[in-house]
Amino acid sequence: MSLTLRTISREQHLAYIQSLPAASHMQVPAWADVKTEWRSENLGWFDDRTGELVGVGLVLYRQLPKIKRYLAYLPEGPVINWFAPNLDDWIQPMLAHLKQQGAFSVKMGPPVIIRRWNAETIKKGIQDPDVKRLRDLQADFIEPRAFEVADKLRRMGWQQGEDGGAGFGDVQPRYVFQVPLANRSLEEVHKNFNQLWRRNIKKAEKAGVEVVQGGYEDLEEWQRLYEITAVRDNFRPRPLSYFQRMWTVLNAEDPNRMRLYFARHNGVNLAAATMLIVGGHVWYSYGASDNIGREVRPSNAMQWRMLRDAYALGATVYDLRGISDSLDETDHLFGLIQFKVGTGGQAAEYLGEWDFPLNKLLHKALDIYMSRR
């Protein structure tokens, strides 16, 4: 298949995404409006024989301080046929185009999963003192074609850091936790939760925890809980304006792109979460909770409601987003994987992010600048 790459309209880009079973929420056109500090462009690959649009990419451009050159970033993209035998014919025109646009370096995150580990396998790994990381465990599923993609990228000159590449902006997680929903009943999904999760869901129900959906006007309440979480977990919170913008632009593109949930008890909101929807892929994107009321298990109640809603939407996967690959109980991120493993889903490892230095000198300068930040 011979291909032509060119800039396309947002409408063309969105129509193509809507024709797919799913795509990353970071590859929908409106994601560019969330990331206002980046300039953006919508790319399209066309089949020369039919003139048909066969792939898209949202590119975000970030200017390097003091010079008119850019880092070009395709978060969890581009959305192309990654397993095509002629991967070169997809990637080379993109690099040529981005270079023309003034990019000195390109970063992309192929949405390709290499391995999956079932919850049962991970639990055994946690109990084994010799197992420190997910990679130490035999995977339950391996995608051989993913290794071919990695080989092809290396041969083309793409690079990957030890941790999946030093990043600029939001570097996406390589390991995520997902609950598969396709061809399963809700009863099956619930049965797959571990005992603690099932007990906590019941506990919340008995205590009268109710889970409700919120709207734009409730984002200030979301922010209150989110900032409490940031202090407790020691991270820098995003401002309220970020979530307001996210809500406005994503739901303008598709009225059901972003949702907000609250778990409340006796009229007090104890936990909150944002949910993102693209086709059959549903993400639990941001979560927050108060320091009080934890004994009534609001977070478990909220996740169960979100999962049921995802199922009702016809989702094939409920994605709990990033986890660390550490299975060491003394690791500060261990609690996160422990909480997510309780859902009985699977850990998935993506191919990770890759860099292509179009200008080696500037790329090196960026690496040094990033390491000092």
# chains A, B, ... in the order shown; residues from 1 in each chain; ligands from 1
call {"tool": "residues_around", "arguments": {"residues": "region 197-210 of chain A", "least_positions_apart": "6", "cutoff": "9 Å", "atoms": "only C-alpha atoms", "output": "PyMOL selection string"}}
result
chain A and resi 190-191+262-267+295-302+304+339+342-343
call {"tool": "write_last_selection", "arguments": {"atoms": "C-alpha atoms", "output": "compact mmCIF listing (two decimals), in the first residue's frame"}}
result
# COMPACT_ATOMS: atom_id res chain seq x y z
CA HIS A 190 -17.91 -8.86 40.14
CA LYS A 191 -17.01 -12.47 40.94
CA PHE A 262 -18.81 11.56 43.52
CA ALA A 263 -19.21 9.02 46.32
CA ARG A 264 -21.08 10.62 49.22
CA HIS A 265 -22.19 9.59 52.66
CA ASN A 266 -24.80 11.50 54.69
CA GLY A 267 -24.66 14.25 52.09
CA GLU A 295 -14.19 3.39 56.80
CA VAL A 296 -17.35 3.44 54.62
CA ARG A 297 -15.23 2.57 51.55
CA PRO A 298 -16.36 5.32 49.15
CA SER A 299 -13.63 4.60 46.57
CA ASN A 300 -14.66 0.97 46.11
CA ALA A 301 -18.32 1.97 45.74
CA MET A 302 -17.40 4.62 43.18
CA TRP A 304 -17.93 -0.36 41.01
CA PHE A 339 -5.74 -1.61 45.02
CA GLY A 342 -8.20 -6.33 43.63
CA THR A 343 -10.47 -5.70 40.62
call {"tool": "residues_around", "arguments": {"residues": "region 61-65 of chain A", "least_positions_apart": "2", "cutoff": "12 Å", "atoms": "only C-alpha atoms", "output": "NGL selection string"}}
result
:A and (32 or 35-42 or 58-59 or 67-75 or 98-99 or 101-108 or 168-170 or 362-363 or 365-367 or 369-370)
call {"tool": "residues_around", "arguments": {"residues": "Phe141 (chain A)", "least_positions_apart": "2", "cutoff": "8 Å", "atoms": "only C-alpha atoms", "output": "list in words"}}
result
Arg115, Arg116, Trp117, Ala139 and Glu143 of chain A
call {"tool": "write_last_selection", "arguments": {"atoms": "N, CA and C atoms", "output": "PDB file, in the first residue's frame"}}
result
ATOM      1  N   ARG A 115       2.743  -7.199  26.639  1.00  0.00           N
ATOM      2  CA  ARG A 115       2.474  -8.313  27.559  1.00  0.00           C
ATOM      3  C   ARG A 115       1.290  -7.995  28.460  1.00  0.00           C
ATOM      4  N   ARG A 116       0.650  -9.045  28.938  1.00  0.00           N
ATOM      5  CA  ARG A 116      -0.396  -8.907  29.971  1.00  0.00           C
ATOM      6  C   ARG A 116      -0.181  -9.945  31.060  1.00  0.00           C
ATOM      7  N   TRP A 117      -0.459  -9.538  32.289  1.00  0.00           N
ATOM      8  CA  TRP A 117      -0.399 -10.462  33.436  1.00  0.00           C
ATOM      9  C   TRP A 117      -1.745 -10.448  34.140  1.00  0.00           C
ATOM     10  N   ALA A 139       4.638 -13.747  31.691  1.00  0.00           N
ATOM     11  CA  ALA A 139       3.386 -13.087  31.294  1.00  0.00           C
ATOM     12  C   ALA A 139       2.344 -14.124  30.878  1.00  0.00           C
ATOM     13  N   GLU A 143       2.430 -10.533  22.956  1.00  0.00           N
ATOM     14  CA  GLU A 143       2.123 -10.191  21.558  1.00  0.00           C
ATOM     15  C   GLU A 143       3.432 -10.193  20.759  1.00  0.00           C
TER      16      GLU A 143
END
call {"tool": "closest_residue", "arguments": {"among": "A:Arg10, A:Val149, A:Gly314, A:Gly215", "to": "Ala30 (chain A)", "atoms": "only C-alpha atoms"}}
result
A:Arg10
call {"tool": "closest_residue", "arguments": {"among": "A:Arg372, A:His13, A:Lys340, A:Lys364", "to": "Phe193 (chain A)", "atoms": "only C-alpha atoms"}}
result
A:Lys340
call {"tool": "select_by_dssp", "arguments": {"residues": "region 3-204 of chain A", "states": "helix (DSSP H, G or I)", "output": "ChimeraX atom specification"}}
result
/A:10-18,25-27,31-34,87-100,119-127,134-136,144-156,186-192,195-204
call {"tool": "write_last_selection", "arguments": {"atoms": "C-alpha atoms", "output": "compact mmCIF listing (two decimals), in the first residue's frame"}}
result
# COMPACT_ATOMS: atom_id res chain seq x y z
CA ARG A 10 -10.26 18.36 12.95
CA GLU A 11 -13.57 17.16 11.47
CA GLN A 12 -11.79 14.56 9.31
CA HIS A 13 -9.68 13.50 12.27
CA LEU A 14 -12.69 13.11 14.59
CA ALA A 15 -14.74 11.24 11.97
CA TYR A 16 -11.89 8.76 11.58
CA ILE A 17 -11.56 8.23 15.37
CA GLN A 18 -15.34 7.70 15.58
CA HIS A 25 -8.24 9.93 24.59
CA MET A 26 -4.95 11.75 23.90
CA GLN A 27 -5.41 11.27 20.18
CA TRP A 31 -7.04 16.91 23.43
CA ALA A 32 -5.11 19.73 21.72
CA ASP A 33 -7.47 22.22 23.41
CA VAL A 34 -6.73 20.67 26.80
CA LEU A 87 5.81 0.36 8.91
CA ASP A 88 8.57 2.48 7.28
CA ASP A 89 6.05 3.83 4.76
CA TRP A 90 3.93 5.15 7.63
CA ILE A 91 6.71 6.56 9.81
CA GLN A 92 9.19 8.10 7.35
CA PRO A 93 6.74 10.59 5.77
CA MET A 94 5.74 11.65 9.28
CA LEU A 95 9.35 12.36 10.25
CA ALA A 96 9.94 14.30 7.02
CA HIS A 97 6.79 16.36 7.62
CA LEU A 98 7.63 17.13 11.26
CA LYS A 99 11.15 18.16 10.32
CA GLN A 100 9.66 20.57 7.78
CA ALA A 119 -4.41 -10.63 38.66
CA GLU A 120 -3.85 -14.21 39.89
CA THR A 121 -0.31 -14.26 38.44
CA ILE A 122 0.51 -10.88 40.03
CA LYS A 123 -0.76 -12.03 43.45
CA LYS A 124 1.55 -15.05 43.30
CA GLY A 125 4.40 -12.75 42.28
CA ILE A 126 3.77 -10.47 45.28
CA GLN A 127 4.05 -13.49 47.59
CA LEU A 134 6.31 -7.45 36.81
CA ARG A 135 9.02 -8.27 34.27
CA ASP A 136 10.29 -11.04 36.61
CA PRO A 144 4.99 -11.37 19.31
CA ARG A 145 4.21 -8.68 16.69
CA ALA A 146 4.96 -5.98 19.29
CA PHE A 147 8.60 -7.12 19.42
CA GLU A 148 8.76 -6.84 15.63
CA VAL A 149 7.47 -3.24 15.87
CA ALA A 150 10.19 -2.44 18.44
CA ASP A 151 12.86 -3.98 16.17
CA LYS A 152 11.66 -1.99 13.17
CA LEU A 153 11.68 1.26 15.17
CA ARG A 154 15.23 0.63 16.40
CA ARG A 155 16.40 -0.07 12.85
CA MET A 156 14.83 3.23 11.74
CA LEU A 186 -21.27 -8.11 35.08
CA GLU A 187 -21.68 -11.03 37.48
CA GLU A 188 -18.45 -12.52 36.15
CA VAL A 189 -16.65 -9.20 36.56
CA HIS A 190 -17.91 -8.86 40.14
CA LYS A 191 -17.01 -12.47 40.94
CA ASN A 192 -13.47 -11.77 39.77
CA GLN A 195 -12.71 -10.83 48.69
CA LEU A 196 -11.63 -7.50 50.13
CA TRP A 197 -13.10 -5.57 47.19
CA ARG A 198 -16.41 -7.45 47.36
CA ARG A 199 -16.53 -6.92 51.12
CA ASN A 200 -15.80 -3.19 50.76
CA ILE A 201 -18.47 -2.74 48.08
CA LYS A 202 -20.97 -4.42 50.41
CA LYS A 203 -19.78 -2.31 53.35
CA ALA A 204 -20.31 0.92 51.38
call {"tool": "residues_around", "arguments": {"residues": "Pro111 (chain A)", "least_positions_apart": "3", "cutoff": "8 Å", "atoms": "only C-alpha atoms", "output": "list in words"}}
result
Ser24, Glu76, Gly77, Pro78, Val79, Tyr350 and Leu351 of chain A
call {"tool": "atom_distance", "arguments": {"atom1": "CA of Leu137 (chain A)", "atom2": "CA of Arg321 (chain A)"}}
result
20.3 Å
call {"tool": "residues_around", "arguments": {"residues": "Arg236 (chain A)", "least_positions_apart": "6", "cutoff": "10 Å", "atoms": "only C-alpha atoms", "output": "list of chain:residue names"}}
result
A:Glu227, A:Thr229, A:Ala230
call {"tool": "write_last_selection", "arguments": {"atoms": "C-alpha atoms", "output": "compact mmCIF listing (two decimals), in the first residue's frame"}}
result
# COMPACT_ATOMS: atom_id res chain seq x y z
CA GLU A 227 -6.18 19.14 46.60
CA THR A 229 -5.34 14.13 47.96
CA ALA A 230 -2.37 16.09 46.59
call {"tool": "residues_around", "arguments": {"residues": "Arg257 (chain A)", "least_positions_apart": "5", "cutoff": "10 Å", "atoms": "only C-alpha atoms", "output": "ChimeraX atom specification"}}
result
/A:25,246-247,249-252,275-279,282
call {"tool": "atom_distance", "arguments": {"atom1": "CA of Gly287 (chain A)", "atom2": "CA of Pro21 (chain A)"}}
result
25.8 Å
call {"tool": "atom_distance", "arguments": {"atom1": "CA of Phe235 (chain A)", "atom2": "CA of Leu336 (chain A)"}}
result
14.6 Å
call {"tool": "residues_around", "arguments": {"residues": "Glu217 (chain A)", "least_positions_apart": "6", "cutoff": "12 Å", "atoms": "only C-alpha atoms", "output": "list in words"}}
result
Gln223, Leu240, Phe243, Gln244, Trp247, Thr248 and Leu260 of chain A
call {"tool": "write_last_selection", "arguments": {"atoms": "all heavy atoms", "output": "mmCIF file, in the first residue's frame"}}
result
data_model
loop_
_atom_site.group_PDB
_atom_site.id
_atom_site.type_symbol
_atom_site.label_atom_id
_atom_site.label_comp_id
_atom_site.auth_asym_id
_atom_site.auth_seq_id
_atom_site.Cartn_x
_atom_site.Cartn_y
_atom_site.Cartn_z
ATOM 1 N N GLN A 223 -12.245 19.771 42.918
ATOM 2 C CA GLN A 223 -10.931 20.357 43.170
ATOM 3 C C GLN A 223 -10.581 20.316 44.655
ATOM 4 O O GLN A 223 -9.435 20.070 45.032
ATOM 5 C CB GLN A 223 -10.890 21.801 42.641
ATOM 6 C CG GLN A 223 -9.511 22.428 42.596
ATOM 7 C CD GLN A 223 -8.597 21.841 41.521
ATOM 8 O OE1 GLN A 223 -9.055 21.170 40.607
ATOM 9 N NE2 GLN A 223 -7.302 22.090 41.641
ATOM 10 N N LEU A 240 -7.736 24.202 39.056
ATOM 11 C CA LEU A 240 -9.146 24.004 38.713
ATOM 12 C C LEU A 240 -9.391 24.330 37.235
ATOM 13 O O LEU A 240 -10.146 23.633 36.552
ATOM 14 C CB LEU A 240 -10.015 24.903 39.615
ATOM 15 C CG LEU A 240 -11.508 24.987 39.271
ATOM 16 C CD1 LEU A 240 -12.182 23.622 39.387
ATOM 17 C CD2 LEU A 240 -12.219 25.998 40.181
ATOM 18 N N PHE A 243 -9.163 21.399 34.762
ATOM 19 C CA PHE A 243 -10.309 20.475 34.701
ATOM 20 C C PHE A 243 -11.523 21.137 34.060
ATOM 21 O O PHE A 243 -12.295 20.479 33.360
ATOM 22 C CB PHE A 243 -10.622 19.936 36.098
ATOM 23 C CG PHE A 243 -9.501 19.096 36.648
ATOM 24 C CD1 PHE A 243 -8.631 19.612 37.597
ATOM 25 C CD2 PHE A 243 -9.281 17.810 36.180
ATOM 26 C CE1 PHE A 243 -7.570 18.854 38.082
ATOM 27 C CE2 PHE A 243 -8.220 17.042 36.652
ATOM 28 C CZ PHE A 243 -7.362 17.567 37.604
ATOM 29 N N GLN A 244 -11.684 22.443 34.304
ATOM 30 C CA GLN A 244 -12.796 23.164 33.665
ATOM 31 C C GLN A 244 -12.617 23.169 32.146
ATOM 32 O O GLN A 244 -13.570 22.958 31.400
ATOM 33 C CB GLN A 244 -12.874 24.597 34.213
ATOM 34 C CG GLN A 244 -13.376 24.628 35.659
ATOM 35 C CD GLN A 244 -13.304 26.015 36.273
ATOM 36 O OE1 GLN A 244 -12.409 26.802 35.958
ATOM 37 N NE2 GLN A 244 -14.240 26.316 37.164
ATOM 38 N N TRP A 247 -13.185 19.608 30.748
ATOM 39 C CA TRP A 247 -14.620 19.317 30.686
ATOM 40 C C TRP A 247 -15.251 20.008 29.484
ATOM 41 O O TRP A 247 -15.974 19.396 28.689
ATOM 42 C CB TRP A 247 -15.294 19.784 31.978
ATOM 43 C CG TRP A 247 -16.757 19.489 32.006
ATOM 44 C CD1 TRP A 247 -17.766 20.242 31.469
ATOM 45 C CD2 TRP A 247 -17.393 18.342 32.578
ATOM 46 N NE1 TRP A 247 -18.976 19.639 31.668
ATOM 47 C CE2 TRP A 247 -18.782 18.468 32.352
ATOM 48 C CE3 TRP A 247 -16.922 17.217 33.258
ATOM 49 C CZ2 TRP A 247 -19.715 17.523 32.791
ATOM 50 C CZ3 TRP A 247 -17.842 16.271 33.698
ATOM 51 C CH2 TRP A 247 -19.220 16.428 33.463
ATOM 52 N N THR A 248 -14.966 21.305 29.349
ATOM 53 C CA THR A 248 -15.586 22.110 28.292
ATOM 54 C C THR A 248 -15.215 21.620 26.905
ATOM 55 O O THR A 248 -16.086 21.378 26.063
ATOM 56 C CB THR A 248 -15.186 23.595 28.450
ATOM 57 O OG1 THR A 248 -15.500 24.001 29.787
ATOM 58 C CG2 THR A 248 -15.939 24.485 27.483
ATOM 59 N N LEU A 260 -17.935 13.009 35.526
ATOM 60 C CA LEU A 260 -17.439 13.272 36.879
ATOM 61 C C LEU A 260 -18.322 12.501 37.849
ATOM 62 O O LEU A 260 -19.552 12.529 37.729
ATOM 63 C CB LEU A 260 -17.520 14.781 37.152
ATOM 64 C CG LEU A 260 -17.119 15.305 38.519
ATOM 65 C CD1 LEU A 260 -15.653 15.019 38.827
ATOM 66 C CD2 LEU A 260 -17.362 16.833 38.582
#
call {"tool": "select_by_dssp", "arguments": {"residues": "region 135-343 of chain A", "states": "strand (DSSP E or B)", "output": "VMD selection string"}}
result
chain A and resid 141 to 142 159 175 to 180 210 to 214 258 to 265 268 to 279 281 to 289 317 to 322 326
